[in-house]
Every structure is written in C-alpha cells, then in structure tokens.
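> Submitted below is the structure of interest, expressed as structure tokens.
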Amino acid sequence: MPKHEFSVDMTCQGCADAVSRVLNKLGGVEFNIDLPNKKVCIESEHSSDTLLATLNKTGKAVSYIGPK
Amino acid sequence: VNSVTISIEGMTCISCVQTIEQQIGKVNGVYHIKVSLEEKSATIIFDPKLQTPKTLQEAIDDMGFDALLHN
Ligand SMILES: [Cu+2]
Ligand SMILES: [Cu+2]
C-alpha cells in the first residue's frame, strides 16, 4: 500500500489521540504518529486528498509532505 | 436560540480547548461556544433552525474527541 507523510500541528497527546480517532473512523489506514516531530505517516489505498481532508477535520494545521 | 452542554473526553490541554472552540465556533448556526477543560464539557448557544444538539455532538465527535449528550 502507498505511504503518505503529513505534517500535522499537534501539540499534545490529546491532539495525537484526536488524529488517531479521525483516521480510525475513516478506516482502511495504518498509521504512525510522531508527536515530537508533528508528523503522521499513513499507509493506505485512500488518495492523499482524502487523507488530507480527514486530517483537516481535527482543526489542526495540516500539510502534505509527500509519498514515502 | 437554544443552549446545550456536551461532555467531551480526550482533551488534555488548553490547545485542545481552543481547537474545539475555533472549529465549532465556525459552524453555521453556532453563536457561542465555551469549552471547559476541568468540566470536560462544551456549552454551546445555537440557532435550533440550523443545528440540533445531535448535529453539534457529531461535529465534535468528527474532530476526534469523544462527545456525549446528556438528557
Ligand atoms: Cu493537543
Ligand atoms: Cu491538548
């Protein structure tokens, strides 16, 4: 499955938990959250646009870094 | 104009509070929102023609926080 890397402006464990909840709600994803570096790496068949829109739901500043 | 209090689980700091206030504050029909970290809740004043307690609870839930409505 393709891997995508995103930058998400997470500041605490609460943010990181919110990110995992929205991703789990979307489904079809495997992900790794790197809170200190504010990065989220997602392995999924979903498009990067869909993943970006999902991450945006958290209300955090999100940007697509690129495929990994 | 109606008002509702929604319980929220998963907030750990003031930035979580601000994120929810900003995001839900932008929702159409929401006039005011006050989130309390201590009480783990949000009090929202809204237009009942545009929102219901249920749609507001879902909006918070969609952000990745566990939101619960009380009766
Ligand atoms: Cu946070
Ligand atoms: Cu927080």
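Ligands are numbered from 1 in the order shown, chains are lettered A, B, ... in the order of the structure tokens, and residues start at 1 in each chain.
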May I have a table of the residues of chain B lying at most 8 Å from ligand 1, giving each one's closest pair of atoms and their distance in Å to one decimal, counting only C-alpha atoms and all ligand atoms, ordered by chain and ascending residue number, as CSV?


```
residue,atom,partner,partner_atom_place_in_ligand_line,distance
B:Met11,CA,ligand 1,1 (Cu),7.3
B:Thr12,CA,ligand 1,1 (Cu),6.6
B:Cys13,CA,ligand 1,1 (Cu),6.1
B:Ile14,CA,ligand 1,1 (Cu),7.6
B:Ser15,CA,ligand 1,1 (Cu),5.3
B:Cys16,CA,ligand 1,1 (Cu),4.7
```

> Give as a list of chain:residue names the residues surrounding ligand 2 up to a distance of 10 Å, considering only C-alpha atoms and all ligand atoms.

A:Met10, A:Thr11, A:Cys12, A:Gln13, A:Gly14, A:Cys15, A:Ala16, A:Asp17, A:Ala18, B:Gly10, B:Met11, B:Thr12, B:Cys13, B:Ile14, B:Ser15, B:Cys16, B:Val17, B:Gln18, B:Thr19, B:Leu37

> Set the distance at 8 Å and use only C-alpha atoms: which residues neighbour region 47-54 of chain A once local chain neighbours fewer than 2 positions away are removed? I'd like the list as a list in words.

His4, Phe6, Val22, Leu23, Leu26, Ser44, Glu45, Asn56, Lys57, Thr58, Val62, Ser63 and Tyr64 of chain A

> Those residues you just picked out, can you put them in a file as a PDB file, in the first residue's frame with N, CA and C atoms?


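Written out: part-v8.pdb:
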```pdb
ATOM      1  N   HIS A   4       1.983   7.740   2.771  1.00  0.00           N
ATOM      2  CA  HIS A   4       1.969   9.202   2.657  1.00  0.00           C
ATOM      3  C   HIS A   4       2.407   9.820   3.972  1.00  0.00           C
ATOM      4  N   PHE A   6       2.438  13.280   6.306  1.00  0.00           N
ATOM      5  CA  PHE A   6       1.796  14.574   6.536  1.00  0.00           C
ATOM      6  C   PHE A   6       2.424  15.265   7.728  1.00  0.00           C
ATOM      7  N   VAL A  22      -9.871  10.201  14.161  1.00  0.00           N
ATOM      8  CA  VAL A  22     -10.445  10.519  12.843  1.00  0.00           C
ATOM      9  C   VAL A  22      -9.952   9.539  11.773  1.00  0.00           C
ATOM     10  N   LEU A  23      -8.695   9.096  11.902  1.00  0.00           N
ATOM     11  CA  LEU A  23      -8.170   8.142  10.921  1.00  0.00           C
ATOM     12  C   LEU A  23      -8.847   6.781  11.076  1.00  0.00           C
ATOM     13  N   LEU A  26     -12.221   6.873   9.513  1.00  0.00           N
ATOM     14  CA  LEU A  26     -12.162   6.754   8.058  1.00  0.00           C
ATOM     15  C   LEU A  26     -11.996   5.274   7.671  1.00  0.00           C
ATOM     16  N   SER A  44      -2.078   3.617   3.145  1.00  0.00           N
ATOM     17  CA  SER A  44      -3.489   3.460   2.794  1.00  0.00           C
ATOM     18  C   SER A  44      -3.693   3.492   1.296  1.00  0.00           C
ATOM     19  N   GLU A  45      -4.827   2.898   0.855  1.00  0.00           N
ATOM     20  CA  GLU A  45      -5.217   2.984  -0.558  1.00  0.00           C
ATOM     21  C   GLU A  45      -5.999   4.276  -0.818  1.00  0.00           C
ATOM     22  N   ASN A  56      -7.754  17.221   8.239  1.00  0.00           N
ATOM     23  CA  ASN A  56      -8.229  18.585   8.432  1.00  0.00           C
ATOM     24  C   ASN A  56      -9.395  18.670   9.406  1.00  0.00           C
ATOM     25  N   LYS A  57     -10.141  17.581   9.546  1.00  0.00           N
ATOM     26  CA  LYS A  57     -11.286  17.564  10.467  1.00  0.00           C
ATOM     27  C   LYS A  57     -10.877  17.841  11.906  1.00  0.00           C
ATOM     28  N   THR A  58      -9.626  17.565  12.229  1.00  0.00           N
ATOM     29  CA  THR A  58      -9.175  17.783  13.607  1.00  0.00           C
ATOM     30  C   THR A  58      -9.063  19.273  13.925  1.00  0.00           C
ATOM     31  N   VAL A  62      -2.621  21.310   8.822  1.00  0.00           N
ATOM     32  CA  VAL A  62      -2.152  20.069   8.208  1.00  0.00           C
ATOM     33  C   VAL A  62      -1.572  20.362   6.832  1.00  0.00           C
ATOM     34  N   SER A  63      -0.466  19.716   6.487  1.00  0.00           N
ATOM     35  CA  SER A  63       0.012  19.808   5.113  1.00  0.00           C
ATOM     36  C   SER A  63       0.598  18.469   4.667  1.00  0.00           C
ATOM     37  N   TYR A  64       0.529  18.262   3.347  1.00  0.00           N
ATOM     38  CA  TYR A  64       1.014  17.010   2.766  1.00  0.00           C
ATOM     39  C   TYR A  64       2.499  17.149   2.483  1.00  0.00           C
TER      40      TYR A  64
END
```

> Could you list, as a ChimeraX atom specification, every residue within 9 Å of Ile42 (chain A), counting only C-alpha atoms and ignoring same-chain residues fewer than 3 positions away?

/A:2-6,29-33,51

> Keeping only C-alpha atoms, write the selected residues as a CSV table (one decimal), in the first residue's frame.


```csv
chain,number,residue,atom,x,y,z
A,2,PRO,CA,1.2,3.5,-0.7
A,3,LYS,CA,2.6,5.5,2.2
A,4,HIS,CA,2.0,9.2,2.7
A,5,GLU,CA,3.6,11.6,5.0
A,6,PHE,CA,1.8,14.6,6.5
A,29,VAL,CA,-5.5,3.0,7.1
A,30,GLU,CA,-2.4,2.1,9.0
A,31,PHE,CA,-0.6,4.9,10.6
A,32,ASN,CA,2.2,6.1,12.8
A,33,ILE,CA,2.0,9.3,14.7
A,51,LEU,CA,-6.3,11.6,3.8
```

> Skipping near chain neighbours, those fewer than 6 positions away, what residues fall within 9 Å of Ser7 (chain A) using only C-alpha atoms, listed as a PDB file with C-alpha atoms, in the first residue's frame?


```pdb
ATOM      1  CA  ASN A  37       8.147  15.884  15.108  1.00  0.00           C
ATOM      2  CA  LYS A  38       4.490  16.680  14.346  1.00  0.00           C
ATOM      3  CA  LYS A  39       4.374  14.102  11.588  1.00  0.00           C
ATOM      4  CA  VAL A  40       1.854  11.452  10.654  1.00  0.00           C
ATOM      5  CA  CYS A  41       2.786   8.635   8.305  1.00  0.00           C
ATOM      6  CA  ALA A  61      -2.878  22.924  10.617  1.00  0.00           C
ATOM      7  CA  VAL A  62      -2.152  20.069   8.208  1.00  0.00           C
ATOM      8  CA  SER A  63       0.012  19.808   5.113  1.00  0.00           C
ATOM      9  CA  TYR A  64       1.014  17.010   2.766  1.00  0.00           C
ATOM     10  CA  ILE A  65       4.732  16.323   2.791  1.00  0.00           C
TER      11      ILE A  65
END
```

> One decimal, Å: what's the distance from CA of Pro53 (chain B) over to CA of Val8 (chain A), could you say?

29.2 Å

> Can you list every residue in chain A that DSSP puts in alpha helix (DSSP H), as a PDB file with N, CA and C atoms, in the first residue's frame?


```
ATOM      1  N   GLN A  13      -0.783  15.087  23.662  1.00  0.00           N
ATOM      2  CA  GLN A  13      -1.313  13.749  23.458  1.00  0.00           C
ATOM      3  C   GLN A  13      -2.782  13.803  23.027  1.00  0.00           C
ATOM      4  N   GLY A  14      -3.492  14.829  23.505  1.00  0.00           N
ATOM      5  CA  GLY A  14      -4.894  14.991  23.115  1.00  0.00           C
ATOM      6  C   GLY A  14      -5.037  15.156  21.606  1.00  0.00           C
ATOM      7  N   CYS A  15      -4.154  15.954  21.014  1.00  0.00           N
ATOM      8  CA  CYS A  15      -4.157  16.149  19.556  1.00  0.00           C
ATOM      9  C   CYS A  15      -3.872  14.822  18.860  1.00  0.00           C
ATOM     10  N   ALA A  16      -2.851  14.133  19.344  1.00  0.00           N
ATOM     11  CA  ALA A  16      -2.443  12.872  18.718  1.00  0.00           C
ATOM     12  C   ALA A  16      -3.591  11.856  18.779  1.00  0.00           C
ATOM     13  N   ASP A  17      -4.287  11.829  19.912  1.00  0.00           N
ATOM     14  CA  ASP A  17      -5.426  10.913  20.051  1.00  0.00           C
ATOM     15  C   ASP A  17      -6.558  11.296  19.104  1.00  0.00           C
ATOM     16  N   ALA A  18      -6.757  12.608  18.932  1.00  0.00           N
ATOM     17  CA  ALA A  18      -7.805  13.076  18.019  1.00  0.00           C
ATOM     18  C   ALA A  18      -7.471  12.648  16.592  1.00  0.00           C
ATOM     19  N   VAL A  19      -6.196  12.758  16.223  1.00  0.00           N
ATOM     20  CA  VAL A  19      -5.756  12.334  14.889  1.00  0.00           C
ATOM     21  C   VAL A  19      -6.018  10.842  14.709  1.00  0.00           C
ATOM     22  N   SER A  20      -5.676  10.034  15.715  1.00  0.00           N
ATOM     23  CA  SER A  20      -5.917   8.599  15.521  1.00  0.00           C
ATOM     24  C   SER A  20      -7.399   8.272  15.446  1.00  0.00           C
ATOM     25  N   ARG A  21      -8.223   9.006  16.182  1.00  0.00           N
ATOM     26  CA  ARG A  21      -9.663   8.722  16.104  1.00  0.00           C
ATOM     27  C   ARG A  21     -10.243   9.045  14.728  1.00  0.00           C
ATOM     28  N   VAL A  22      -9.871  10.201  14.161  1.00  0.00           N
ATOM     29  CA  VAL A  22     -10.445  10.519  12.843  1.00  0.00           C
ATOM     30  C   VAL A  22      -9.952   9.539  11.773  1.00  0.00           C
ATOM     31  N   LEU A  23      -8.695   9.096  11.902  1.00  0.00           N
ATOM     32  CA  LEU A  23      -8.170   8.142  10.921  1.00  0.00           C
ATOM     33  C   LEU A  23      -8.847   6.781  11.076  1.00  0.00           C
ATOM     34  N   ASN A  24      -9.054   6.354  12.307  1.00  0.00           N
ATOM     35  CA  ASN A  24      -9.730   5.076  12.529  1.00  0.00           C
ATOM     36  C   ASN A  24     -11.177   5.120  12.060  1.00  0.00           C
ATOM     37  N   LYS A  25     -11.792   6.305  12.185  1.00  0.00           N
ATOM     38  CA  LYS A  25     -13.165   6.472  11.725  1.00  0.00           C
ATOM     39  C   LYS A  25     -13.240   6.336  10.202  1.00  0.00           C
ATOM     40  N   LEU A  26     -12.221   6.873   9.513  1.00  0.00           N
ATOM     41  CA  LEU A  26     -12.162   6.754   8.058  1.00  0.00           C
ATOM     42  C   LEU A  26     -11.996   5.274   7.671  1.00  0.00           C
ATOM     43  N   SER A  48      -4.234  10.868  -1.325  1.00  0.00           N
ATOM     44  CA  SER A  48      -3.666  11.814  -0.374  1.00  0.00           C
ATOM     45  C   SER A  48      -4.665  12.943  -0.083  1.00  0.00           C
ATOM     46  N   ASP A  49      -5.521  13.274  -1.057  1.00  0.00           N
ATOM     47  CA  ASP A  49      -6.544  14.308  -0.845  1.00  0.00           C
ATOM     48  C   ASP A  49      -7.558  13.880   0.213  1.00  0.00           C
ATOM     49  N   THR A  50      -7.982  12.624   0.125  1.00  0.00           N
ATOM     50  CA  THR A  50      -8.932  12.095   1.108  1.00  0.00           C
ATOM     51  C   THR A  50      -8.298  12.105   2.493  1.00  0.00           C
ATOM     52  N   LEU A  51      -7.045  11.691   2.555  1.00  0.00           N
ATOM     53  CA  LEU A  51      -6.349  11.647   3.849  1.00  0.00           C
ATOM     54  C   LEU A  51      -6.182  13.055   4.405  1.00  0.00           C
ATOM     55  N   LEU A  52      -5.865  13.994   3.523  1.00  0.00           N
ATOM     56  CA  LEU A  52      -5.691  15.382   3.942  1.00  0.00           C
ATOM     57  C   LEU A  52      -7.009  15.947   4.483  1.00  0.00           C
ATOM     58  N   ALA A  53      -8.101  15.670   3.765  1.00  0.00           N
ATOM     59  CA  ALA A  53      -9.419  16.154   4.200  1.00  0.00           C
ATOM     60  C   ALA A  53      -9.781  15.558   5.555  1.00  0.00           C
ATOM     61  N   THR A  54      -9.422  14.290   5.750  1.00  0.00           N
ATOM     62  CA  THR A  54      -9.713  13.630   7.029  1.00  0.00           C
ATOM     63  C   THR A  54      -8.907  14.267   8.156  1.00  0.00           C
ATOM     64  N   LEU A  55      -7.624  14.486   7.914  1.00  0.00           N
ATOM     65  CA  LEU A  55      -6.780  15.098   8.948  1.00  0.00           C
ATOM     66  C   LEU A  55      -7.241  16.526   9.257  1.00  0.00           C
ATOM     67  N   ASN A  56      -7.754  17.221   8.239  1.00  0.00           N
ATOM     68  CA  ASN A  56      -8.229  18.585   8.432  1.00  0.00           C
ATOM     69  C   ASN A  56      -9.395  18.670   9.406  1.00  0.00           C
TER      70      ASN A  56
END
```

> Quick one, how far is CA of Lys60 (chain A) from CA of Glu39 (chain B)?

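Separation of CA of Lys60 (chain A) and CA of Glu39 (chain B): 22.8 Å.
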
> What lies within 6 Å of Lys40 (chain B) using only C-alpha atoms, ignoring chain neighbours under 4 positions off, as a PyMOL selection string?

chain B and resi 7-8+36

> Can you write out the residues you just picked, keeping all heavy atoms, as a PDB file, in the first residue's frame?


```
ATOM      1  N   SER B   7     -20.683  16.698  26.892  1.00  0.00           N
ATOM      2  CA  SER B   7     -19.476  16.189  27.557  1.00  0.00           C
ATOM      3  C   SER B   7     -18.434  15.812  26.517  1.00  0.00           C
ATOM      4  O   SER B   7     -18.769  15.228  25.483  1.00  0.00           O
ATOM      5  CB  SER B   7     -19.796  14.937  28.371  1.00  0.00           C
ATOM      6  OG  SER B   7     -20.643  15.283  29.414  1.00  0.00           O
ATOM      7  N   ILE B   8     -17.179  16.136  26.798  1.00  0.00           N
ATOM      8  CA  ILE B   8     -16.102  15.826  25.854  1.00  0.00           C
ATOM      9  C   ILE B   8     -14.978  15.094  26.573  1.00  0.00           C
ATOM     10  O   ILE B   8     -14.446  15.584  27.573  1.00  0.00           O
ATOM     11  CB  ILE B   8     -15.531  17.107  25.215  1.00  0.00           C
ATOM     12  CG1 ILE B   8     -16.648  17.942  24.581  1.00  0.00           C
ATOM     13  CG2 ILE B   8     -14.474  16.767  24.176  1.00  0.00           C
ATOM     14  CD1 ILE B   8     -16.182  19.278  24.054  1.00  0.00           C
ATOM     15  N   SER B  36     -14.830  23.841  28.599  1.00  0.00           N
ATOM     16  CA  SER B  36     -14.142  23.759  29.882  1.00  0.00           C
ATOM     17  C   SER B  36     -13.327  22.480  29.971  1.00  0.00           C
ATOM     18  O   SER B  36     -13.854  21.377  29.834  1.00  0.00           O
ATOM     19  CB  SER B  36     -15.154  23.805  31.035  1.00  0.00           C
ATOM     20  OG  SER B  36     -14.525  23.393  32.231  1.00  0.00           O
TER      21      SER B  36
END
```

> Which residue gives the smallest distance to chain B among A:Gly28, A:Asp9, A:Leu35, A:Met1, with only C-alpha atoms counted?

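Comparing A:Gly28, A:Asp9, A:Leu35, A:Met1 against chain B, the winner is A:Asp9.
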
> List the neighbours of Ile60 (chain B) out to 9 Å using only C-alpha atoms; skip same-chain residues closer than 4 positions along the sequence, and give me the result as a ChimeraX atom specification.

/B:8,20,23-24,55-56,64-67

> Between B:Asn28, B:Lys34, B:Gln22, B:Asp62, single out the one closest to Phe46 (chain B), counting only C-alpha atoms.

B:Asn28

> Assign secondary structure with DSSP using the backbone only, and return the residues of region 11-59 of chain B in strand (DSSP E) as a list in words.

Val30, Tyr31, His32, Ile33, Lys34, Val35, Ser36, Ser41, Ala42, Thr43, Ile44, Ile45 and Phe46 of chain B

> Given the selection you just returned, output its residues as a file containing C-alpha atoms, formatted as an mmCIF file, in the first residue's frame.


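The result, written out as result.cif:
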```cif
data_model
loop_
_atom_site.group_PDB
_atom_site.id
_atom_site.type_symbol
_atom_site.label_atom_id
_atom_site.label_comp_id
_atom_site.auth_asym_id
_atom_site.auth_seq_id
_atom_site.Cartn_x
_atom_site.Cartn_y
_atom_site.Cartn_z
ATOM 1 C CA VAL B 30 -23.417 28.452 16.341
ATOM 2 C CA TYR B 31 -23.483 31.778 18.164
ATOM 3 C CA HIS B 32 -21.206 30.976 21.056
ATOM 4 C CA ILE B 33 -19.189 28.087 22.451
ATOM 5 C CA LYS B 34 -17.395 27.794 25.761
ATOM 6 C CA VAL B 35 -15.271 24.725 26.395
ATOM 7 C CA SER B 36 -14.142 23.759 29.882
ATOM 8 C CA SER B 41 -17.636 19.833 28.529
ATOM 9 C CA ALA B 42 -18.723 22.391 25.990
ATOM 10 C CA THR B 43 -21.643 24.751 26.353
ATOM 11 C CA ILE B 44 -22.962 25.879 23.003
ATOM 12 C CA ILE B 45 -25.530 28.526 22.153
ATOM 13 C CA PHE B 46 -27.027 27.882 18.751
#
```

> What is the CA of Gln57 (chain B) to CA of Val1 (chain B) distance in Å?

17.0 Å
